[in-house]
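Novice: To start, I am sharing the structure in question, which I have written as structure tokens.
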Amino acid sequence: MKFIVCEKPQEFKLKEREIPEPKDGEVLLKIKRIGICGTDIHAFGGTQPYFEYPRILGHELAAEYIKGNAAGFKPGDKVTFIPYFNCGKCVACRTGLTNCCVNIKVFGVHIDGGMAEYVTIPEQYLLQGQGLDYDELALVEPLAIAAHGVRRAGVKATDTVLVMGAGPIGIGLIQFAKIAGAKVIVMDINDYRLNFCKTELNADETINPLNDDVAAKLGELTNGDMANVVIDATGNQKVMNSAFNYISHGGRFVLVGLQKGELSFSHPDFHKRESTLMSSRNATIEDFEYVMKCLKEGKIDPKKYITHRTNFSEMITDFGQLIDPKNNVIKALIEID
């Protein structure tokens, strides 16, 4: 079988090895779709925390079940899986927070991932496709990240939510906040993405920091209240630090994006608002189930996000174009025949 490994920042290589044989408690999957995500981009660029090289990337995956002894699954089934392998014993796992397990192994980050024709995984992380196609299944994981962030924020219909960053995760955040009934304002420096959010996702308002004073514009849009909920999906340190100025009194700031540096903010300003700061990491089985329910009910149509595709054999050549904002990429998928 063929696989693609990121040997070091800025370097992919296509290699071959034998198809893996599943051990007891494991299943063999044939990968059909791979979503290119921010984690992959940062890993390729050398800016991803928790990362070591060489590494096979890829954790937004849709696959065909080939063999194993997982109950309720048979060869040929369309599947996806939860790519966060937890220890089941630590303080987080004991309280159901498997998404932030102390000893977590994220597929394609801490351990080799799914940029391969075949993979083996522990059977307990498998999810039945439930009638969804491979394109939809490849987008379940990033949507689960977004669903978890909105759930962490406790978004409700009376909230005004500022989503910073209109990439694939940001798009999911917009959709789940809208499902919760909130007013959603989107901030990004890419006008194409902002227009997409208005026309395709029904975002209520947009802000481009290249053209607008963000705090002033947000004040205008909220009658001076600012945003009850601010959610970062940029992973940009400067954006995160500036966002403390956008939170309403009593508001919540949720960090979905991730960066290597430190956050800096005025404690008196933060304190007087009785603000809440929280991170949102990965997702839980409840988030995956909720996403798949929303997909089946037609509340979300992820196929409109898919703007670019490439074949597995051409991925290395095409990768630079697929991550270039100039090409108006919303979501890129890698297909394996």
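The way I read the labels, and the way they are meant: chains A, B, ... in the order of the structure tokens, residue 1 as the first residue of every chain, and ligand 1 as the first ligand shown, with later ones counted on from there.
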Leaving out region 253-269 of chain A and any residue of its chain fewer than 6 positions from it, which residues lie within 6 Å of it when counting only C-alpha atoms, given as a PyMOL selection string?
Specialist: chain A and resi 229-235+241+277-280
Novice: Using only N, CA and C atoms, please write the residues we just selected to a file, as a PDB file, in the first residue's frame.
Specialist:
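selection28.pdb, freshly written:
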ATOM      1  N   VAL A 229     -20.645  35.932  23.312  1.00  0.00           N
ATOM      2  CA  VAL A 229     -19.748  34.804  23.105  1.00  0.00           C
ATOM      3  C   VAL A 229     -18.779  35.150  21.985  1.00  0.00           C
ATOM      4  N   VAL A 230     -17.492  35.018  22.263  1.00  0.00           N
ATOM      5  CA  VAL A 230     -16.456  35.175  21.245  1.00  0.00           C
ATOM      6  C   VAL A 230     -15.768  33.820  21.109  1.00  0.00           C
ATOM      7  N   ILE A 231     -15.685  33.316  19.881  1.00  0.00           N
ATOM      8  CA  ILE A 231     -15.042  32.024  19.647  1.00  0.00           C
ATOM      9  C   ILE A 231     -13.938  32.207  18.619  1.00  0.00           C
ATOM     10  N   ASP A 232     -12.721  31.839  19.003  1.00  0.00           N
ATOM     11  CA  ASP A 232     -11.596  31.943  18.076  1.00  0.00           C
ATOM     12  C   ASP A 232     -11.401  30.653  17.300  1.00  0.00           C
ATOM     13  N   ALA A 233     -11.336  30.783  15.981  1.00  0.00           N
ATOM     14  CA  ALA A 233     -11.014  29.650  15.113  1.00  0.00           C
ATOM     15  C   ALA A 233      -9.881  30.026  14.167  1.00  0.00           C
ATOM     16  N   THR A 234      -9.073  31.020  14.590  1.00  0.00           N
ATOM     17  CA  THR A 234      -7.953  31.440  13.737  1.00  0.00           C
ATOM     18  C   THR A 234      -6.646  30.768  14.129  1.00  0.00           C
ATOM     19  N   GLY A 235      -6.470  30.509  15.423  1.00  0.00           N
ATOM     20  CA  GLY A 235      -5.178  30.017  15.880  1.00  0.00           C
ATOM     21  C   GLY A 235      -4.082  31.062  15.738  1.00  0.00           C
ATOM     22  N   ASN A 241      -5.347  37.683  21.292  1.00  0.00           N
ATOM     23  CA  ASN A 241      -5.104  38.714  22.293  1.00  0.00           C
ATOM     24  C   ASN A 241      -6.037  39.905  22.116  1.00  0.00           C
ATOM     25  N   LEU A 277     -13.111  32.636  30.396  1.00  0.00           N
ATOM     26  CA  LEU A 277     -12.171  32.189  29.366  1.00  0.00           C
ATOM     27  C   LEU A 277     -12.070  30.677  29.431  1.00  0.00           C
ATOM     28  N   MET A 278     -12.235  30.018  28.296  1.00  0.00           N
ATOM     29  CA  MET A 278     -12.127  28.562  28.272  1.00  0.00           C
ATOM     30  C   MET A 278     -11.541  28.093  26.943  1.00  0.00           C
ATOM     31  N   SER A 279     -10.930  26.930  26.970  1.00  0.00           N
ATOM     32  CA  SER A 279     -10.459  26.292  25.747  1.00  0.00           C
ATOM     33  C   SER A 279     -11.452  25.198  25.359  1.00  0.00           C
ATOM     34  N   SER A 280     -11.375  24.799  24.106  1.00  0.00           N
ATOM     35  CA  SER A 280     -12.215  23.719  23.603  1.00  0.00           C
ATOM     36  C   SER A 280     -11.327  22.802  22.775  1.00  0.00           C
TER      37      SER A 280
END
Novice: Skip region 169-175 of chain A itself and residues of its chain fewer than 5 positions away, then list as a PyMOL selection string all residues within 9 Å of it, counting only C-alpha atoms.
Specialist: chain A and resi 37-38+142-150+161-164+180+184-186+197+201-203+231-234+256-257+299-300+302+305+330
Novice: For region 236-302 of chain A versus region 155-159 of chain A, which residues have an atom no more than 12 Å away, and what is each residue's nearest atom pair and distance in Å rounded to one decimal, using only C-alpha atoms, chain-then-number order, as a tab-separated table?
Specialist:
residue	atom	partner	partner_atom	distance
A:Ile247	CA	A:Asp159	CA	11.7
A:Ser248	CA	A:Asp159	CA	10.5
A:Gly250	CA	A:Asp159	CA	11.4
A:Gly251	CA	A:Asp159	CA	9.4
A:Arg252	CA	A:Val155	CA	9.6
A:Phe253	CA	A:Val155	CA	11.4
A:Val254	CA	A:Val155	CA	10.9
Novice: Taking the chain letters and numbering used in this document, name the residues of region 136-226 of chain A that DSSP puts in helix (DSSP H, G or I), as a PyMOL selection string.
Specialist: chain A and resi 136-138+140-153+168-179+191-201+214-221
Novice: Could you check the closest approach to Leu57 (chain A) for each of A:Phe85, A:Gln130, A:Val106, A:Lys78 and tell me which residue wins, using only C-alpha atoms?
Specialist: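 Using only C-alpha atoms, the shortest distance to Leu57 (chain A) belongs to A:Val106.
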Novice: Quick one: pick out all strand (DSSP E) residues within region 120-281 of chain A from a backbone DSSP run and write them as a PyMOL selection string.
Specialist: chain A and resi 120-122+126-128+160-164+183-187+205-207+227-232+247-255+276-279
Novice: Keeping N, CA and C atoms, export the residues of the selection given above as an mmCIF file, in the first residue's frame.
Specialist:
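Now in out.cif:
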data_model
loop_
_atom_site.group_PDB
_atom_site.id
_atom_site.type_symbol
_atom_site.label_atom_id
_atom_site.label_comp_id
_atom_site.auth_asym_id
_atom_site.auth_seq_id
_atom_site.Cartn_x
_atom_site.Cartn_y
_atom_site.Cartn_z
ATOM 1 N N THR A 120 -5.127 0.622 10.382
ATOM 2 C CA THR A 120 -5.780 -0.152 11.432
ATOM 3 C C THR A 120 -6.025 0.780 12.613
ATOM 4 N N ILE A 121 -7.173 0.594 13.268
ATOM 5 C CA ILE A 121 -7.498 1.401 14.442
ATOM 6 C C ILE A 121 -8.184 0.517 15.484
ATOM 7 N N PRO A 122 -8.172 0.912 16.757
ATOM 8 C CA PRO A 122 -8.940 0.185 17.765
ATOM 9 C C PRO A 122 -10.431 0.248 17.447
ATOM 10 N N LEU A 126 -14.792 3.212 16.175
ATOM 11 C CA LEU A 126 -15.525 3.167 14.915
ATOM 12 C C LEU A 126 -16.911 3.788 15.038
ATOM 13 N N LEU A 127 -17.351 4.439 13.958
ATOM 14 C CA LEU A 127 -18.707 4.972 13.868
ATOM 15 C C LEU A 127 -19.335 4.503 12.563
ATOM 16 N N GLN A 128 -20.513 3.915 12.678
ATOM 17 C CA GLN A 128 -21.234 3.459 11.495
ATOM 18 C C GLN A 128 -21.656 4.673 10.655
ATOM 19 N N THR A 160 -25.338 36.879 21.184
ATOM 20 C CA THR A 160 -24.673 37.350 19.980
ATOM 21 C C THR A 160 -23.283 36.737 19.986
ATOM 22 N N VAL A 161 -22.977 35.971 18.946
ATOM 23 C CA VAL A 161 -21.730 35.217 18.877
ATOM 24 C C VAL A 161 -20.825 35.816 17.808
ATOM 25 N N LEU A 162 -19.595 36.127 18.197
ATOM 26 C CA LEU A 162 -18.576 36.541 17.232
ATOM 27 C C LEU A 162 -17.681 35.349 16.949
ATOM 28 N N VAL A 163 -17.700 34.873 15.712
ATOM 29 C CA VAL A 163 -16.811 33.788 15.285
ATOM 30 C C VAL A 163 -15.642 34.411 14.545
ATOM 31 N N MET A 164 -14.448 34.221 15.062
ATOM 32 C CA MET A 164 -13.245 34.780 14.451
ATOM 33 C C MET A 164 -12.540 33.692 13.647
ATOM 34 N N LYS A 183 -27.588 35.082 17.204
ATOM 35 C CA LYS A 183 -27.138 36.016 16.172
ATOM 36 C C LYS A 183 -25.646 35.794 15.992
ATOM 37 N N VAL A 184 -25.186 35.674 14.745
ATOM 38 C CA VAL A 184 -23.787 35.330 14.493
ATOM 39 C C VAL A 184 -23.122 36.399 13.634
ATOM 40 N N ILE A 185 -22.023 36.917 14.147
ATOM 41 C CA ILE A 185 -21.175 37.869 13.426
ATOM 42 C C ILE A 185 -19.859 37.161 13.117
ATOM 43 N N VAL A 186 -19.395 37.263 11.884
ATOM 44 C CA VAL A 186 -18.191 36.548 11.445
ATOM 45 C C VAL A 186 -17.083 37.538 11.132
ATOM 46 N N MET A 187 -15.894 37.248 11.628
ATOM 47 C CA MET A 187 -14.728 38.088 11.359
ATOM 48 C C MET A 187 -13.684 37.287 10.593
ATOM 49 N N GLU A 205 -23.959 39.141 10.243
ATOM 50 C CA GLU A 205 -23.097 40.272 9.912
ATOM 51 C C GLU A 205 -21.674 39.769 9.719
ATOM 52 N N THR A 206 -20.860 40.567 9.019
ATOM 53 C CA THR A 206 -19.447 40.216 8.835
ATOM 54 C C THR A 206 -18.578 41.422 9.120
ATOM 55 N N ILE A 207 -17.347 41.147 9.527
ATOM 56 C CA ILE A 207 -16.355 42.186 9.802
ATOM 57 C C ILE A 207 -15.033 41.763 9.182
ATOM 58 N N ALA A 227 -19.972 41.242 22.123
ATOM 59 C CA ALA A 227 -20.452 39.868 21.897
ATOM 60 C C ALA A 227 -20.535 39.090 23.199
ATOM 61 N N ASN A 228 -21.691 38.460 23.426
ATOM 62 C CA ASN A 228 -21.843 37.586 24.597
ATOM 63 C C ASN A 228 -20.880 36.410 24.537
ATOM 64 N N VAL A 229 -20.645 35.932 23.312
ATOM 65 C CA VAL A 229 -19.748 34.804 23.105
ATOM 66 C C VAL A 229 -18.779 35.150 21.985
ATOM 67 N N VAL A 230 -17.492 35.018 22.263
ATOM 68 C CA VAL A 230 -16.456 35.175 21.245
ATOM 69 C C VAL A 230 -15.768 33.820 21.109
ATOM 70 N N ILE A 231 -15.685 33.316 19.881
ATOM 71 C CA ILE A 231 -15.042 32.024 19.647
ATOM 72 C C ILE A 231 -13.938 32.207 18.619
ATOM 73 N N ASP A 232 -12.721 31.839 19.003
ATOM 74 C CA ASP A 232 -11.596 31.943 18.076
ATOM 75 C C ASP A 232 -11.401 30.653 17.300
ATOM 76 N N ILE A 247 -15.393 41.115 24.134
ATOM 77 C CA ILE A 247 -16.309 40.358 24.990
ATOM 78 C C ILE A 247 -17.231 41.312 25.746
ATOM 79 N N SER A 248 -18.504 40.987 25.804
ATOM 80 C CA SER A 248 -19.449 41.777 26.584
ATOM 81 C C SER A 248 -19.226 41.561 28.072
ATOM 82 N N HIS A 249 -19.812 42.397 28.886
ATOM 83 C CA HIS A 249 -19.828 42.140 30.320
ATOM 84 C C HIS A 249 -20.605 40.846 30.554
ATOM 85 N N GLY A 250 -20.018 39.945 31.327
ATOM 86 C CA GLY A 250 -20.632 38.643 31.556
ATOM 87 C C GLY A 250 -20.443 37.671 30.410
ATOM 88 N N GLY A 251 -19.591 38.023 29.451
ATOM 89 C CA GLY A 251 -19.429 37.208 28.253
ATOM 90 C C GLY A 251 -18.424 36.077 28.394
ATOM 91 N N ARG A 252 -18.400 35.212 27.354
ATOM 92 C CA ARG A 252 -17.522 34.039 27.328
ATOM 93 C C ARG A 252 -16.614 34.095 26.104
ATOM 94 N N PHE A 253 -15.368 33.695 26.320
ATOM 95 C CA PHE A 253 -14.377 33.634 25.240
ATOM 96 C C PHE A 253 -13.883 32.194 25.168
ATOM 97 N N VAL A 254 -14.093 31.569 24.019
ATOM 98 C CA VAL A 254 -13.745 30.160 23.844
ATOM 99 C C VAL A 254 -12.655 30.041 22.786
ATOM 100 N N LEU A 255 -11.559 29.384 23.157
ATOM 101 C CA LEU A 255 -10.428 29.186 22.253
ATOM 102 C C LEU A 255 -10.531 27.818 21.600
ATOM 103 N N THR A 276 -15.542 34.972 31.172
ATOM 104 C CA THR A 276 -15.172 33.562 31.277
ATOM 105 C C THR A 276 -14.267 33.205 30.105
ATOM 106 N N LEU A 277 -13.111 32.636 30.396
ATOM 107 C CA LEU A 277 -12.171 32.189 29.366
ATOM 108 C C LEU A 277 -12.070 30.677 29.431
ATOM 109 N N MET A 278 -12.235 30.018 28.296
ATOM 110 C CA MET A 278 -12.127 28.562 28.272
ATOM 111 C C MET A 278 -11.541 28.093 26.943
ATOM 112 N N SER A 279 -10.930 26.930 26.970
ATOM 113 C CA SER A 279 -10.459 26.292 25.747
ATOM 114 C C SER A 279 -11.452 25.198 25.359
#
Novice: Of the candidates A:Gly35, A:Gly320, A:Gly88, A:Gly131, which one gets nearest to Val102 (chain A) if we count only C-alpha atoms?
Specialist: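 Of A:Gly35, A:Gly320, A:Gly88, A:Gly131, the one nearest Val102 (chain A), counting only C-alpha atoms, is A:Gly88.
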Novice: What does the structure give for the distance between CA of Tyr134 (chain A) and CA of Ala332 (chain A), in Å to one decimal?
Specialist: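 Taking CA of Tyr134 (chain A) as the start and CA of Ala332 (chain A) as the end point, the length is 13.6 Å.
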Novice: One decimal, in Å: what's the spacing between CA of Ala215 (chain A) and CA of Gly167 (chain A)?
Specialist: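 Taking CA of Ala215 (chain A) as the start and CA of Gly167 (chain A) as the end point, the length is 21.3 Å.
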Novice: Got a sec: who's within 12 Å of Asp318 (chain A), counting only C-alpha atoms, leaving out chain neighbours fewer than 2 positions off, as a CSV table (one decimal) with all heavy atoms, in the first residue's frame?
Specialist:
chain,number,residue,atom,x,y,z
A,12,PHE,N,6.8,16.5,2.1
A,12,PHE,CA,6.1,15.3,2.0
A,12,PHE,C,6.8,14.3,1.2
A,12,PHE,O,7.5,14.7,0.2
A,12,PHE,CB,4.7,15.5,1.4
A,12,PHE,CG,3.6,16.1,2.3
A,12,PHE,CD1,3.0,17.3,1.9
A,12,PHE,CD2,3.3,15.5,3.5
A,12,PHE,CE1,2.0,17.9,2.7
A,12,PHE,CE2,2.3,16.1,4.3
A,12,PHE,CZ,1.7,17.3,3.9
A,36,ILE,N,-8.3,17.9,4.4
A,36,ILE,CA,-7.1,18.7,4.8
A,36,ILE,C,-7.6,19.7,5.8
A,36,ILE,O,-8.5,20.5,5.5
A,36,ILE,CB,-6.5,19.4,3.5
A,36,ILE,CG1,-6.0,18.3,2.6
A,36,ILE,CG2,-5.3,20.3,4.0
A,36,ILE,CD1,-5.4,18.8,1.3
A,308,HIS,N,-12.5,22.2,-3.3
A,308,HIS,CA,-11.4,21.7,-4.0
A,308,HIS,C,-11.2,20.2,-3.7
A,308,HIS,O,-11.4,19.8,-2.6
A,308,HIS,CB,-10.1,22.5,-3.6
A,308,HIS,CG,-10.1,23.9,-4.1
A,308,HIS,ND1,-11.0,24.9,-3.5
A,308,HIS,CD2,-9.4,24.6,-5.0
A,308,HIS,CE1,-10.8,26.0,-4.1
A,308,HIS,NE2,-9.8,25.9,-5.0
A,309,ARG,N,-10.7,19.5,-4.7
A,309,ARG,CA,-10.4,18.1,-4.5
A,309,ARG,C,-9.1,17.8,-5.2
A,309,ARG,O,-8.7,18.4,-6.2
A,309,ARG,CB,-11.5,17.2,-5.2
A,309,ARG,CG,-12.9,17.3,-4.5
A,309,ARG,CD,-13.9,16.5,-5.3
A,309,ARG,NE,-15.2,16.7,-4.8
A,309,ARG,CZ,-15.8,15.9,-3.9
A,309,ARG,NH1,-15.1,14.9,-3.5
A,309,ARG,NH2,-17.0,16.1,-3.5
A,310,THR,N,-8.5,16.7,-4.8
A,310,THR,CA,-7.3,16.1,-5.5
A,310,THR,C,-7.3,14.6,-5.2
A,310,THR,O,-8.0,14.1,-4.3
A,310,THR,CB,-6.0,16.8,-5.0
A,310,THR,OG1,-4.9,16.4,-5.9
A,310,THR,CG2,-5.7,16.4,-3.6
A,311,ASN,N,-6.5,13.9,-6.0
A,311,ASN,CA,-6.4,12.5,-5.9
A,311,ASN,C,-5.2,12.3,-5.0
A,311,ASN,O,-4.2,13.0,-4.9
A,311,ASN,CB,-6.2,11.8,-7.2
A,311,ASN,CG,-6.3,10.3,-7.2
A,311,ASN,OD1,-5.3,9.7,-6.9
A,311,ASN,ND2,-7.4,9.8,-7.4
A,312,PHE,N,-5.2,11.1,-4.3
A,312,PHE,CA,-4.1,10.8,-3.4
A,312,PHE,C,-2.7,10.8,-4.1
A,312,PHE,O,-1.8,11.3,-3.5
A,312,PHE,CB,-4.3,9.4,-2.8
A,312,PHE,CG,-3.4,8.9,-1.7
A,312,PHE,CD1,-3.5,9.5,-0.5
A,312,PHE,CD2,-2.4,8.0,-2.0
A,312,PHE,CE1,-2.6,9.1,0.5
A,312,PHE,CE2,-1.5,7.6,-1.0
A,312,PHE,CZ,-1.6,8.1,0.3
A,313,SER,N,-2.7,10.4,-5.3
A,313,SER,CA,-1.4,10.3,-6.0
A,313,SER,C,-0.9,11.7,-6.4
A,313,SER,O,0.3,11.9,-6.7
A,313,SER,CB,-1.5,9.5,-7.3
A,313,SER,OG,-2.5,10.0,-8.2
A,314,GLU,N,-1.8,12.7,-6.4
A,314,GLU,CA,-1.4,14.1,-6.8
A,314,GLU,C,-1.3,15.0,-5.6
A,314,GLU,O,-1.1,16.2,-5.8
A,314,GLU,CB,-2.4,14.6,-7.8
A,314,GLU,CG,-2.4,13.7,-9.1
A,314,GLU,CD,-3.6,14.1,-10.0
A,314,GLU,OE1,-4.5,14.7,-9.5
A,314,GLU,OE2,-3.6,13.6,-11.2
A,315,MET,N,-1.6,14.5,-4.4
A,315,MET,CA,-1.7,15.4,-3.2
A,315,MET,C,-0.4,16.2,-3.0
A,315,MET,O,-0.5,17.4,-2.7
A,315,MET,CB,-2.0,14.6,-2.0
A,315,MET,CG,-2.5,15.4,-0.8
A,315,MET,SD,-1.2,16.3,0.1
A,315,MET,CE,-0.3,15.0,0.9
A,316,ILE,N,0.7,15.6,-3.0
A,316,ILE,CA,2.0,16.3,-2.7
A,316,ILE,C,2.2,17.5,-3.7
A,316,ILE,O,2.5,18.6,-3.3
A,316,ILE,CB,3.2,15.3,-2.8
A,316,ILE,CG1,3.0,14.3,-1.7
A,316,ILE,CG2,4.5,16.1,-2.6
A,316,ILE,CD1,4.1,13.2,-1.7
A,320,GLY,N,0.3,22.7,-2.0
A,320,GLY,CA,0.5,24.2,-1.9
A,320,GLY,C,-0.7,25.0,-2.4
A,320,GLY,O,-1.1,26.0,-1.8
A,321,GLN,N,-1.3,24.5,-3.5
A,321,GLN,CA,-2.5,25.2,-4.0
A,321,GLN,C,-3.7,25.1,-3.1
A,321,GLN,O,-4.5,26.0,-3.0
A,321,GLN,CB,-2.8,24.7,-5.4
A,321,GLN,CG,-1.7,25.0,-6.4
A,321,GLN,CD,-2.0,24.5,-7.8
A,321,GLN,OE1,-3.1,23.9,-8.0
A,321,GLN,NE2,-1.1,24.7,-8.8
A,322,LEU,N,-3.8,23.9,-2.5
A,322,LEU,CA,-5.0,23.6,-1.7
A,322,LEU,C,-5.0,24.4,-0.4
A,322,LEU,O,-6.0,24.5,0.3
A,322,LEU,CB,-5.0,22.1,-1.4
A,322,LEU,CG,-5.2,21.2,-2.6
A,322,LEU,CD1,-5.2,19.7,-2.2
A,322,LEU,CD2,-6.5,21.5,-3.3
A,323,ILE,N,-3.8,24.9,0.1
A,323,ILE,CA,-3.8,25.6,1.3
A,323,ILE,C,-3.6,27.1,1.1
A,323,ILE,O,-3.4,27.9,2.0
A,323,ILE,CB,-2.7,25.1,2.3
A,323,ILE,CG1,-1.3,25.3,1.7
A,323,ILE,CG2,-3.0,23.6,2.6
A,323,ILE,CD1,-0.2,24.9,2.7
A,324,ASP,N,-3.6,27.6,-0.2
A,324,ASP,CA,-3.4,29.0,-0.5
A,324,ASP,C,-4.7,29.7,-0.5
A,324,ASP,O,-5.6,29.5,-1.3
A,324,ASP,CB,-2.7,29.1,-1.9
A,324,ASP,CG,-2.3,30.5,-2.2
A,324,ASP,OD1,-2.7,31.4,-1.6
A,324,ASP,OD2,-1.5,30.6,-3.2
A,327,ASN,N,-6.6,31.0,-3.6
A,327,ASN,CA,-7.4,30.1,-4.4
A,327,ASN,C,-8.8,29.9,-3.9
A,327,ASN,O,-9.6,29.0,-4.4
A,327,ASN,CB,-6.7,28.7,-4.6
A,327,ASN,CG,-5.4,28.8,-5.3
A,327,ASN,OD1,-5.3,29.6,-6.3
A,327,ASN,ND2,-4.4,28.1,-4.9
A,332,ALA,N,-10.9,21.3,1.3
A,332,ALA,CA,-10.3,20.5,0.3
A,332,ALA,C,-10.3,19.0,0.7
A,332,ALA,O,-10.0,18.7,1.9
A,332,ALA,CB,-8.8,20.9,0.0
A,333,LEU,N,-10.6,18.1,-0.2
A,333,LEU,CA,-10.7,16.7,0.1
A,333,LEU,C,-9.7,16.0,-0.8
A,333,LEU,O,-9.5,16.3,-2.0
A,333,LEU,CB,-12.1,16.1,-0.1
A,333,LEU,CG,-13.2,16.4,0.9
A,333,LEU,CD1,-14.4,15.6,0.6
A,333,LEU,CD2,-12.7,16.1,2.3
A,334,ILE,N,-9.0,15.0,-0.2
A,334,ILE,CA,-8.2,14.1,-1.0
A,334,ILE,C,-9.0,12.8,-1.2
A,334,ILE,O,-9.5,12.2,-0.2
A,334,ILE,CB,-6.9,13.7,-0.2
A,334,ILE,CG1,-6.1,15.0,0.1
A,334,ILE,CG2,-6.1,12.7,-1.0
A,334,ILE,CD1,-5.0,14.8,1.2
